[in-house]
Amino acid sequence: MSSKGNADDPGPTAGYLVWRLSTKVRVAVDRAMAPLGLTHAKYALAASLYGLHRGGTRPSQRQLADHTGLEALYVSKLARALEADGLLERTRDPDDPRAVRLALTERGRETTRQAIEVVQRLMAVWLAPLGGPDSARTREFTATLATLLDTPLGLPAEPSENAGPSEPHATEEQS
């Protein structure tokens, strides 16, 4: 489907295009990660963990969930799968027995380094129409996406069925 519209057909909505784009990227990353034994979700978790480790942080599962925007239960499931694959280790936090700290194993770090290189090549192809990963258009696009991600989503309260018009009601003195 083309993203162009006309007066009679305005074309797809922004929400539809975001959904299509996210699906396209997820599928492409899934395919690119398959030879490394990863999925897009496992890659997102491992790459985030890799970046946090490089910054000196050994996050808890909850911190990693907050960082990635994934549900804590899903992060736990992914962490267990990565642990079963020998790519991640989970340890109890000595200061908080409820918290589980995550770290990539040596094999996990190497696999993640390879995966990041693959995804960077994939993103270079994807961003070529905008001038490549380092172009001004890509920086503007990235800033726009960040703005949208920072905007809370939630439906405003619907007006009550019994509520009348939103104009002020007349009082006896005004009548």
# chains A, B, ... in the order shown; residues from 1 in each chain; ligands from 1
call {"tool": "select_by_dssp", "arguments": {"residues": "stretch 3-135 of chain A", "states": "helix (DSSP H, G or I)", "output": "ChimeraX atom specification"}}
result
/A:14-36,40-54,61-68,72-84,106-130
call {"tool": "closest_atom_pairs", "arguments": {"of": "stretch 88-122 of chain A", "to": "stretch 33-47 of chain A", "cutoff": "7 Å", "atoms": "only C-alpha atoms", "output": "CSV"}}
result
residue,atom,partner,partner_atom,distance
A:Thr111,CA,A:Leu36,CA,6.9
A:Thr112,CA,A:Ala47,CA,6.1
A:Ala115,CA,A:Met33,CA,6.6
A:Ile116,CA,A:Ala47,CA,6.9
call {"tool": "write_last_selection", "arguments": {"atoms": "all heavy atoms", "output": "mmCIF file, in the first residue's frame"}}
result
data_model
loop_
_atom_site.group_PDB
_atom_site.id
_atom_site.type_symbol
_atom_site.label_atom_id
_atom_site.label_comp_id
_atom_site.auth_asym_id
_atom_site.auth_seq_id
_atom_site.Cartn_x
_atom_site.Cartn_y
_atom_site.Cartn_z
ATOM 1 N N THR A 111 28.108 -12.846 21.216
ATOM 2 C CA THR A 111 26.929 -12.980 20.354
ATOM 3 C C THR A 111 26.253 -11.632 20.172
ATOM 4 O O THR A 111 25.846 -11.268 19.062
ATOM 5 C CB THR A 111 25.939 -14.009 20.938
ATOM 6 O OG1 THR A 111 26.595 -15.279 21.034
ATOM 7 C CG2 THR A 111 24.694 -14.145 20.086
ATOM 8 N N THR A 112 26.139 -10.867 21.248
ATOM 9 C CA THR A 112 25.492 -9.556 21.182
ATOM 10 C C THR A 112 26.312 -8.592 20.337
ATOM 11 O O THR A 112 25.742 -7.816 19.549
ATOM 12 C CB THR A 112 25.248 -8.999 22.596
ATOM 13 O OG1 THR A 112 24.447 -9.945 23.321
ATOM 14 C CG2 THR A 112 24.530 -7.668 22.549
ATOM 15 N N ALA A 115 25.544 -9.469 16.863
ATOM 16 C CA ALA A 115 24.166 -9.083 16.548
ATOM 17 C C ALA A 115 24.055 -7.575 16.324
ATOM 18 O O ALA A 115 23.365 -7.125 15.396
ATOM 19 C CB ALA A 115 23.229 -9.528 17.674
ATOM 20 N N ILE A 116 24.735 -6.791 17.137
ATOM 21 C CA ILE A 116 24.700 -5.336 16.984
ATOM 22 C C ILE A 116 25.282 -4.940 15.635
ATOM 23 O O ILE A 116 24.721 -4.076 14.945
ATOM 24 C CB ILE A 116 25.449 -4.646 18.154
ATOM 25 C CG1 ILE A 116 24.624 -4.788 19.440
ATOM 26 C CG2 ILE A 116 25.730 -3.178 17.845
ATOM 27 C CD1 ILE A 116 25.368 -4.379 20.716
#
call {"tool": "atom_distance", "arguments": {"atom1": "atom CA of A:Ala136", "atom2": "atom CA of A:Met123"}}
result
15.4 Å
call {"tool": "select_by_dssp", "arguments": {"residues": "stretch 48-167 of chain A", "states": "strand (DSSP E or B)", "output": "JSON, numbers by chain"}}
result
{"A": [60, 88, 89, 90, 91, 92, 93, 96, 97, 98, 99, 100, 101, 102, 103, 104]}
call {"tool": "residues_around", "arguments": {"residues": "stretch 101-106 of chain A", "least_positions_apart": "5", "cutoff": "7 Å", "atoms": "only C-alpha atoms", "output": "VMD selection string"}}
result
chain A and resid 58 to 61 87 to 93
call {"tool": "write_last_selection", "arguments": {"atoms": "C-alpha atoms", "output": "short mmCIF file (atom, residue, chain, number, x, y, z; two decimals), in the first residue's frame"}}
result
data_model
loop_
_atom_site.label_atom_id
_atom_site.label_comp_id
_atom_site.auth_asym_id
_atom_site.auth_seq_id
_atom_site.Cartn_x
_atom_site.Cartn_y
_atom_site.Cartn_z
CA ARG A 58 24.32 -4.24 36.09
CA PRO A 59 20.56 -3.77 36.05
CA SER A 60 17.84 -5.70 37.76
CA GLN A 61 15.12 -7.26 35.62
CA LEU A 87 23.99 -16.01 26.97
CA LEU A 88 22.91 -14.48 30.26
CA GLU A 89 23.27 -15.07 33.97
CA ARG A 90 20.67 -14.14 36.54
CA THR A 91 21.68 -13.66 40.17
CA ARG A 92 19.82 -12.57 43.28
CA ASP A 93 20.63 -9.06 44.43
#
call {"tool": "closest_residue", "arguments": {"among": "A:Asp8, A:Val100, A:Pro94, A:Leu78", "to": "A:Gln63", "atoms": "only C-alpha atoms"}}
result
A:Val100
call {"tool": "atom_distance", "arguments": {"atom1": "atom CA of A:Ala143", "atom2": "atom CA of A:Leu130"}}
result
13.6 Å
call {"tool": "decode", "arguments": {"residues": "stretch 13-106 of chain A", "atoms": "C-alpha atoms", "output": "PDB file, in the first residue's frame"}}
result
ATOM      1  CA  THR A  13      -3.033   7.133   9.229  1.00  0.00           C
ATOM      2  CA  ALA A  14       0.117   7.783  11.246  1.00  0.00           C
ATOM      3  CA  GLY A  15      -0.859   4.953  13.607  1.00  0.00           C
ATOM      4  CA  TYR A  16      -1.176   2.499  10.740  1.00  0.00           C
ATOM      5  CA  LEU A  17       2.194   3.540   9.310  1.00  0.00           C
ATOM      6  CA  VAL A  18       3.906   3.226  12.716  1.00  0.00           C
ATOM      7  CA  TRP A  19       2.415  -0.254  13.105  1.00  0.00           C
ATOM      8  CA  ARG A  20       3.538  -1.280   9.602  1.00  0.00           C
ATOM      9  CA  LEU A  21       7.000   0.158  10.157  1.00  0.00           C
ATOM     10  CA  SER A  22       7.438  -1.566  13.514  1.00  0.00           C
ATOM     11  CA  THR A  23       6.282  -4.857  11.989  1.00  0.00           C
ATOM     12  CA  LYS A  24       8.639  -4.459   9.029  1.00  0.00           C
ATOM     13  CA  VAL A  25      11.603  -3.754  11.308  1.00  0.00           C
ATOM     14  CA  ARG A  26      10.721  -6.584  13.716  1.00  0.00           C
ATOM     15  CA  VAL A  27      10.452  -9.126  10.895  1.00  0.00           C
ATOM     16  CA  ALA A  28      13.713  -7.949   9.297  1.00  0.00           C
ATOM     17  CA  VAL A  29      15.575  -8.114  12.615  1.00  0.00           C
ATOM     18  CA  ASP A  30      14.061 -11.536  13.398  1.00  0.00           C
ATOM     19  CA  ARG A  31      15.376 -12.838  10.080  1.00  0.00           C
ATOM     20  CA  ALA A  32      18.782 -11.233  10.549  1.00  0.00           C
ATOM     21  CA  MET A  33      19.099 -12.618  14.099  1.00  0.00           C
ATOM     22  CA  ALA A  34      18.076 -16.207  13.273  1.00  0.00           C
ATOM     23  CA  PRO A  35      21.632 -17.337  12.374  1.00  0.00           C
ATOM     24  CA  LEU A  36      22.784 -16.124  15.802  1.00  0.00           C
ATOM     25  CA  GLY A  37      19.984 -17.986  17.581  1.00  0.00           C
ATOM     26  CA  LEU A  38      18.206 -14.791  18.601  1.00  0.00           C
ATOM     27  CA  THR A  39      14.817 -13.233  17.973  1.00  0.00           C
ATOM     28  CA  HIS A  40      14.173  -9.512  17.736  1.00  0.00           C
ATOM     29  CA  ALA A  41      12.943  -9.500  21.356  1.00  0.00           C
ATOM     30  CA  LYS A  42      15.982 -11.434  22.640  1.00  0.00           C
ATOM     31  CA  TYR A  43      18.233  -9.108  20.658  1.00  0.00           C
ATOM     32  CA  ALA A  44      16.546  -6.000  22.106  1.00  0.00           C
ATOM     33  CA  LEU A  45      17.061  -7.315  25.618  1.00  0.00           C
ATOM     34  CA  ALA A  46      20.664  -8.456  25.065  1.00  0.00           C
ATOM     35  CA  ALA A  47      21.684  -5.263  23.228  1.00  0.00           C
ATOM     36  CA  SER A  48      20.111  -3.093  25.940  1.00  0.00           C
ATOM     37  CA  LEU A  49      21.891  -5.104  28.606  1.00  0.00           C
ATOM     38  CA  TYR A  50      25.155  -4.828  26.641  1.00  0.00           C
ATOM     39  CA  GLY A  51      24.809  -1.048  26.469  1.00  0.00           C
ATOM     40  CA  LEU A  52      23.945  -0.725  30.144  1.00  0.00           C
ATOM     41  CA  HIS A  53      26.937  -2.909  31.095  1.00  0.00           C
ATOM     42  CA  ARG A  54      29.236  -0.727  28.990  1.00  0.00           C
ATOM     43  CA  GLY A  55      27.890   2.226  30.963  1.00  0.00           C
ATOM     44  CA  GLY A  56      28.798   0.498  34.221  1.00  0.00           C
ATOM     45  CA  THR A  57      25.323  -0.702  35.205  1.00  0.00           C
ATOM     46  CA  ARG A  58      24.318  -4.238  36.095  1.00  0.00           C
ATOM     47  CA  PRO A  59      20.556  -3.766  36.046  1.00  0.00           C
ATOM     48  CA  SER A  60      17.843  -5.704  37.756  1.00  0.00           C
ATOM     49  CA  GLN A  61      15.125  -7.264  35.623  1.00  0.00           C
ATOM     50  CA  ARG A  62      12.823  -4.399  36.670  1.00  0.00           C
ATOM     51  CA  GLN A  63      15.385  -1.754  35.632  1.00  0.00           C
ATOM     52  CA  LEU A  64      15.868  -3.491  32.287  1.00  0.00           C
ATOM     53  CA  ALA A  65      12.089  -3.637  31.796  1.00  0.00           C
ATOM     54  CA  ASP A  66      11.873   0.099  32.470  1.00  0.00           C
ATOM     55  CA  HIS A  67      14.791   0.770  30.104  1.00  0.00           C
ATOM     56  CA  THR A  68      13.352  -1.279  27.227  1.00  0.00           C
ATOM     57  CA  GLY A  69       9.695  -0.408  27.737  1.00  0.00           C
ATOM     58  CA  LEU A  70       8.849  -4.104  27.971  1.00  0.00           C
ATOM     59  CA  GLU A  71       6.608  -5.617  30.608  1.00  0.00           C
ATOM     60  CA  ALA A  72       8.553  -7.012  33.583  1.00  0.00           C
ATOM     61  CA  LEU A  73       7.008 -10.457  33.094  1.00  0.00           C
ATOM     62  CA  TYR A  74       8.144 -10.515  29.448  1.00  0.00           C
ATOM     63  CA  VAL A  75      11.673  -9.436  30.442  1.00  0.00           C
ATOM     64  CA  SER A  76      11.730 -12.286  32.966  1.00  0.00           C
ATOM     65  CA  LYS A  77      10.650 -14.761  30.271  1.00  0.00           C
ATOM     66  CA  LEU A  78      13.255 -13.460  27.802  1.00  0.00           C
ATOM     67  CA  ALA A  79      15.974 -13.481  30.481  1.00  0.00           C
ATOM     68  CA  ARG A  80      15.189 -17.113  31.299  1.00  0.00           C
ATOM     69  CA  ALA A  81      15.383 -18.027  27.602  1.00  0.00           C
ATOM     70  CA  LEU A  82      18.708 -16.204  27.188  1.00  0.00           C
ATOM     71  CA  GLU A  83      19.968 -17.912  30.344  1.00  0.00           C
ATOM     72  CA  ALA A  84      18.949 -21.322  28.964  1.00  0.00           C
ATOM     73  CA  ASP A  85      20.877 -20.434  25.772  1.00  0.00           C
ATOM     74  CA  GLY A  86      23.982 -19.715  27.873  1.00  0.00           C
ATOM     75  CA  LEU A  87      23.992 -16.014  26.966  1.00  0.00           C
ATOM     76  CA  LEU A  88      22.915 -14.477  30.257  1.00  0.00           C
ATOM     77  CA  GLU A  89      23.266 -15.072  33.968  1.00  0.00           C
ATOM     78  CA  ARG A  90      20.675 -14.140  36.536  1.00  0.00           C
ATOM     79  CA  THR A  91      21.685 -13.664  40.172  1.00  0.00           C
ATOM     80  CA  ARG A  92      19.818 -12.571  43.277  1.00  0.00           C
ATOM     81  CA  ASP A  93      20.631  -9.061  44.434  1.00  0.00           C
ATOM     82  CA  PRO A  94      22.299  -9.368  47.883  1.00  0.00           C
ATOM     83  CA  ASP A  95      20.742  -6.041  48.949  1.00  0.00           C
ATOM     84  CA  ASP A  96      17.214  -6.901  47.760  1.00  0.00           C
ATOM     85  CA  PRO A  97      16.313 -10.595  47.727  1.00  0.00           C
ATOM     86  CA  ARG A  98      13.280  -9.861  45.521  1.00  0.00           C
ATOM     87  CA  ALA A  99      15.461  -8.376  42.765  1.00  0.00           C
ATOM     88  CA  VAL A 100      17.282 -10.378  40.109  1.00  0.00           C
ATOM     89  CA  ARG A 101      20.418  -8.856  38.556  1.00  0.00           C
ATOM     90  CA  LEU A 102      21.265  -9.632  34.936  1.00  0.00           C
ATOM     91  CA  ALA A 103      24.618  -9.942  33.184  1.00  0.00           C
ATOM     92  CA  LEU A 104      25.667 -11.280  29.811  1.00  0.00           C
ATOM     93  CA  THR A 105      28.034 -14.212  29.841  1.00  0.00           C
ATOM     94  CA  GLU A 106      31.208 -14.019  27.739  1.00  0.00           C
TER      95      GLU A 106
END
